[in-house]
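*Asks:* The following file, model.txt, comprises compact mmCIF, C-alpha atoms:
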```txt
# COMPACT_ATOMS: atom_id res chain seq x y z
CA PRO A 37 -25.52 4.55 -30.07
CA LEU A 38 -27.36 6.17 -32.93
CA ARG A 39 -25.18 6.55 -36.01
CA HIS A 40 -25.38 9.48 -38.38
CA ASP A 41 -24.13 7.91 -41.61
CA ALA A 42 -26.49 7.43 -44.52
CA ARG A 43 -26.57 3.63 -44.41
CA VAL A 44 -29.61 2.14 -42.68
CA ARG A 45 -28.95 -1.29 -41.25
CA VAL A 46 -32.01 -3.54 -41.24
CA ILE A 47 -31.99 -6.90 -39.44
CA THR A 48 -34.37 -9.82 -39.76
CA PRO A 49 -33.56 -12.52 -37.21
CA GLY A 50 -35.16 -15.93 -36.97
CA ARG A 51 -35.44 -19.44 -38.24
CA LEU A 52 -35.63 -19.44 -42.03
CA ILE A 53 -39.03 -21.07 -42.43
CA HIS A 54 -42.09 -19.83 -44.31
CA LEU A 55 -44.05 -18.61 -41.26
CA LYS A 56 -41.25 -16.21 -40.28
CA GLY A 57 -41.90 -14.23 -43.48
CA VAL A 58 -38.24 -13.63 -44.33
CA SER A 59 -39.07 -13.61 -48.05
CA LEU A 60 -41.37 -10.66 -47.27
CA ALA A 61 -38.40 -8.86 -45.69
CA VAL A 62 -36.23 -9.44 -48.77
CA ARG A 63 -39.04 -8.31 -51.08
CA ALA A 64 -39.77 -5.24 -48.92
CA VAL A 65 -36.15 -4.08 -48.99
CA ALA A 66 -36.17 -4.45 -52.78
CA ALA A 67 -39.52 -2.65 -53.10
CA ALA A 68 -38.35 0.24 -50.90
CA HIS A 69 -36.09 1.36 -53.78
CA THR A 70 -33.76 2.97 -51.24
CA PRO A 71 -30.07 2.40 -51.98
CA ASP A 72 -28.98 3.08 -48.39
CA LEU A 73 -30.76 0.02 -46.97
CA HIS A 74 -28.68 -3.01 -46.05
CA LEU A 75 -30.46 -6.16 -44.86
CA THR A 76 -28.91 -8.73 -42.56
CA VAL A 77 -30.72 -12.04 -42.19
CA ALA A 78 -29.58 -13.65 -38.95
CA GLY A 79 -30.62 -17.27 -38.75
CA ASP A 80 -30.72 -20.50 -40.63
CA GLY A 81 -33.22 -23.03 -41.84
CA PRO A 82 -34.61 -24.93 -44.80
CA GLU A 83 -35.48 -21.78 -46.80
CA ARG A 84 -31.97 -20.30 -46.78
CA GLU A 85 -31.01 -21.26 -50.36
CA ARG A 86 -34.35 -20.08 -51.76
CA LEU A 87 -34.02 -16.77 -49.89
CA GLN A 88 -30.46 -16.29 -51.16
CA ARG A 89 -31.67 -16.85 -54.75
CA LEU A 90 -34.55 -14.41 -54.21
CA ALA A 91 -32.19 -11.74 -52.82
CA SER A 92 -29.88 -12.24 -55.79
CA GLU A 93 -32.76 -12.03 -58.31
CA LEU A 94 -34.10 -8.85 -56.68
CA GLN A 95 -30.59 -7.40 -56.28
CA VAL A 96 -31.03 -6.81 -52.56
CA ASP A 97 -28.00 -5.76 -50.51
CA VAL A 98 -28.21 -8.60 -47.98
CA THR A 99 -25.93 -10.58 -45.71
CA PHE A 100 -26.95 -14.04 -44.51
CA THR A 101 -25.11 -14.76 -41.25
CA GLY A 102 -26.42 -18.23 -40.55
CA TRP A 103 -27.13 -19.23 -36.96
CA LEU A 104 -25.41 -17.02 -34.37
CA PRO A 105 -24.73 -17.53 -30.67
CA GLN A 106 -26.87 -15.21 -28.54
CA ALA A 107 -24.00 -12.81 -27.73
CA GLU A 108 -23.21 -12.36 -31.43
CA LEU A 109 -26.88 -11.82 -32.27
CA PHE A 110 -27.14 -9.16 -29.54
CA ALA A 111 -24.02 -7.43 -30.90
CA LEU A 112 -25.57 -7.47 -34.38
CA LEU A 113 -28.83 -6.05 -32.99
CA ALA A 114 -26.87 -3.27 -31.28
CA ALA A 115 -25.29 -2.38 -34.64
CA SER A 116 -28.68 -2.26 -36.42
CA ASP A 117 -31.15 0.57 -36.99
CA VAL A 118 -34.34 -1.28 -37.88
CA LEU A 119 -35.73 -4.68 -36.91
CA LEU A 120 -37.83 -5.93 -39.81
CA PHE A 121 -40.00 -8.65 -38.27
CA PRO A 122 -42.59 -9.77 -40.83
CA SER A 123 -43.46 -13.00 -39.04
CA LEU A 124 -46.83 -14.35 -40.09
CA HIS A 125 -47.31 -16.19 -36.81
CA ASP A 126 -45.56 -15.29 -33.57
CA GLU A 127 -47.35 -15.46 -30.26
CA CYS A 128 -44.63 -13.47 -28.55
CA GLY A 129 -41.54 -12.59 -30.58
CA PHE A 130 -39.19 -11.67 -27.72
CA VAL A 131 -36.53 -10.68 -30.25
CA VAL A 132 -38.62 -7.53 -30.79
CA LEU A 133 -38.06 -6.54 -27.16
CA GLU A 134 -34.41 -7.61 -27.29
CA ALA A 135 -33.87 -5.38 -30.33
CA MET A 136 -35.71 -2.47 -28.73
CA ALA A 137 -33.45 -2.71 -25.68
CA HIS A 138 -30.65 -1.79 -28.11
CA GLY A 139 -32.68 1.09 -29.54
CA VAL A 140 -33.53 -0.76 -32.74
CA VAL A 141 -36.78 0.46 -34.31
CA PRO A 142 -39.19 -2.45 -34.86
CA VAL A 143 -41.28 -2.81 -38.01
CA VAL A 144 -43.73 -5.65 -37.37
CA VAL A 145 -46.87 -7.29 -38.73
CA ALA A 146 -49.97 -6.75 -36.57
CA ASN A 147 -50.27 -10.38 -35.62
CA GLY A 148 -49.78 -11.90 -32.16
CA GLY A 149 -47.39 -10.39 -29.64
CA PRO A 150 -44.88 -8.33 -31.68
CA PRO A 151 -47.11 -5.25 -32.14
CA LEU A 152 -47.97 -5.31 -28.43
CA LEU A 153 -44.28 -5.33 -27.54
CA ALA A 154 -43.41 -2.65 -30.10
CA GLY A 155 -46.16 -0.29 -28.99
CA ASP A 156 -45.62 3.29 -30.09
CA ALA A 157 -41.88 2.71 -30.49
CA GLY A 158 -42.32 0.89 -33.76
CA LEU A 159 -44.26 0.74 -36.98
CA THR A 160 -46.89 -1.88 -37.64
CA VAL A 161 -48.51 -3.17 -40.82
CA ARG A 162 -51.80 -5.01 -41.00
CA PRO A 163 -51.75 -8.58 -42.24
CA GLY A 164 -52.92 -9.08 -45.78
CA GLY A 165 -51.87 -10.58 -49.07
CA ARG A 166 -48.20 -10.71 -49.99
CA THR A 167 -48.34 -7.71 -52.33
CA ALA A 168 -50.02 -5.48 -49.75
CA LEU A 169 -47.72 -6.61 -46.95
CA VAL A 170 -44.58 -6.04 -49.01
CA ALA A 171 -45.80 -2.59 -50.10
CA ALA A 172 -46.61 -1.57 -46.51
CA LEU A 173 -43.30 -2.86 -45.14
CA ALA A 174 -41.41 -1.15 -47.98
CA GLY A 175 -43.20 2.12 -47.23
CA HIS A 176 -42.14 1.99 -43.58
CA LEU A 177 -38.54 1.14 -44.56
CA ARG A 178 -38.44 4.01 -47.06
CA MET A 179 -39.81 6.41 -44.44
CA LEU A 180 -37.28 5.32 -41.81
CA ALA A 181 -34.42 5.45 -44.32
CA THR A 182 -35.25 8.95 -45.52
CA GLN A 183 -36.25 10.49 -42.17
CA PRO A 184 -33.33 10.22 -39.73
CA GLU A 185 -35.18 12.48 -37.27
CA LEU A 186 -38.04 9.98 -37.07
CA ARG A 187 -35.55 7.13 -36.66
CA ALA A 188 -33.89 9.04 -33.79
CA VAL A 189 -37.22 9.60 -32.01
CA LEU A 190 -38.23 5.95 -32.39
CA HIS A 191 -34.72 4.84 -31.35
CA ARG A 192 -35.11 6.65 -28.01
CA ARG A 193 -38.69 5.46 -27.60
CA ALA A 194 -37.69 1.83 -28.29
CA ARG A 195 -35.18 1.92 -25.43
CA GLN A 196 -37.74 3.53 -23.12
CA VAL A 197 -40.44 0.97 -23.93
CA ALA A 198 -37.99 -1.94 -23.51
CA GLN A 199 -36.98 -0.62 -20.08
CA THR A 200 -40.59 -0.87 -18.90
CA PHE A 201 -40.29 -4.64 -19.34
CA GLU A 202 -37.17 -4.98 -17.18
CA TRP A 203 -37.57 -6.99 -13.98
CA ARG A 204 -36.18 -4.21 -11.75
CA THR A 205 -38.61 -1.73 -13.32
CA ARG A 206 -41.59 -3.97 -12.67
CA HIS A 207 -40.54 -5.35 -9.32
CA GLY A 208 -38.28 -2.55 -7.99
```
Could you write out this file's structure as structure tokens?

*Replies:*
Amino acid sequence: PLRHDARVRVITPGRLIHLKGVSLAVRAVAAAHTPDLHLTVAGDGPERERLQRLASELQVDVTFTGWLPQAELFALLAASDVLLFPSLHDECGFVVLEAMAHGVVPVVVANGGPPLLAGDAGLTVRPGGRTALVAALAGHLRMLATQPELRAVLHRRARQVAQTFEWRTRHG
């Protein structure tokens, strides 16, 4: 269910490797300059220590969960407001759809499948250099954090779009 407290819970799930763009997520949360944002990085990988140092240097409110079993990840998605998915290369990115099924608003990079899955239920940024990507992601985060009405509309739309992908919807 949609919460009405001020805190905006942002989740970035995935393997902690360069192509997943998790450093962009950390930088975007810092650049949003919005104290109500909390980032959860769900996943593990070789970049974890570097990302933890970066978050500390940028003073980002972040929790690193490490690898989670699917049920725990889904529970974390259900407790989140925004999926920040800055992957630089994802042909599909099913986690976008999984998050949307929980009403989580996706913010994705226009690359591969994630923007197609998100459709008009999410916000998309065009690929570009790191500075431009971080600025665009931060702008979307700031907008979602400061406009709860927009978040509520996209929350409902995310669930609706995700339902169109359900087997029983497609194959009655």

*Asks:* Within 12 Å of segment 157-171 of chain A, which residues of segment 47-87 of chain A come that close, and what is the closest atom pair and distance in Å for each? Count only C-alpha atoms and give it as JSON lines.

*Replies:*
```
{"residue": "A:Gly57", "atom": "CA", "partner": "A:Arg166", "partner_atom": "CA", "distance": 9.7}
{"residue": "A:Val58", "atom": "CA", "partner": "A:Val170", "partner_atom": "CA", "distance": 10.9}
{"residue": "A:Ser59", "atom": "CA", "partner": "A:Val170", "partner_atom": "CA", "distance": 9.4}
{"residue": "A:Leu60", "atom": "CA", "partner": "A:Val170", "partner_atom": "CA", "distance": 5.9}
{"residue": "A:Ala61", "atom": "CA", "partner": "A:Val170", "partner_atom": "CA", "distance": 7.6}
{"residue": "A:Val62", "atom": "CA", "partner": "A:Val170", "partner_atom": "CA", "distance": 9.0}
{"residue": "A:Arg63", "atom": "CA", "partner": "A:Val170", "partner_atom": "CA", "distance": 6.3}
{"residue": "A:Ala64", "atom": "CA", "partner": "A:Val170", "partner_atom": "CA", "distance": 4.9}
{"residue": "A:Val65", "atom": "CA", "partner": "A:Val170", "partner_atom": "CA", "distance": 8.7}
{"residue": "A:Ala66", "atom": "CA", "partner": "A:Val170", "partner_atom": "CA", "distance": 9.4}
{"residue": "A:Ala67", "atom": "CA", "partner": "A:Ala171", "partner_atom": "CA", "distance": 7.0}
{"residue": "A:Ala68", "atom": "CA", "partner": "A:Ala171", "partner_atom": "CA", "distance": 8.0}
{"residue": "A:His69", "atom": "CA", "partner": "A:Ala171", "partner_atom": "CA", "distance": 11.1}
```

*Asks:* Is it possible to get the axis-aligned box enclosing segment 161-166 of chain A (all listed atoms, 8 Å extra per side) as AutoDock Vina command-line options, with centre and edge lengths in Å rounded to one decimal?

*Replies:*
```
--center_x -50.6 --center_y -6.9 --center_z -45.4 --size_x 20.7 --size_y 23.5 --size_z 25.2
```

*Asks:* Calculated over all atoms listed in the file, which of the candidates A:Glu134, A:Glu83, A:Asp117, A:Glu108 has the smallest distance to Ala198 of chain A?

*Replies:*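 Smallest separation from Ala198 of chain A among the options: A:Glu134.
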
*Asks:* To one decimal in Å, tell me the separation between atom CA of Phe130 of chain A and atom CA of Val77 of chain A.

*Replies:*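 Taking atom CA of Phe130 of chain A as the start and atom CA of Val77 of chain A as the end point, the length is 16.8 Å.
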
*Asks:* Nearest to Ala188 of chain A among A:Leu104, A:Ala172, A:Leu152, A:Val141, with distances taken over all atoms listed in the file: which residue is it?

*Replies:*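 Using all atoms listed in the file, Ala188 of chain A sits closest to A:Val141.
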
*Asks:* Do you have the atom CA of Leu87 of chain A-atom CA of Trp103 of chain A distance handy?

*Replies:*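 Separating atom CA of Leu87 of chain A from atom CA of Trp103 of chain A is a distance of 14.9 Å.
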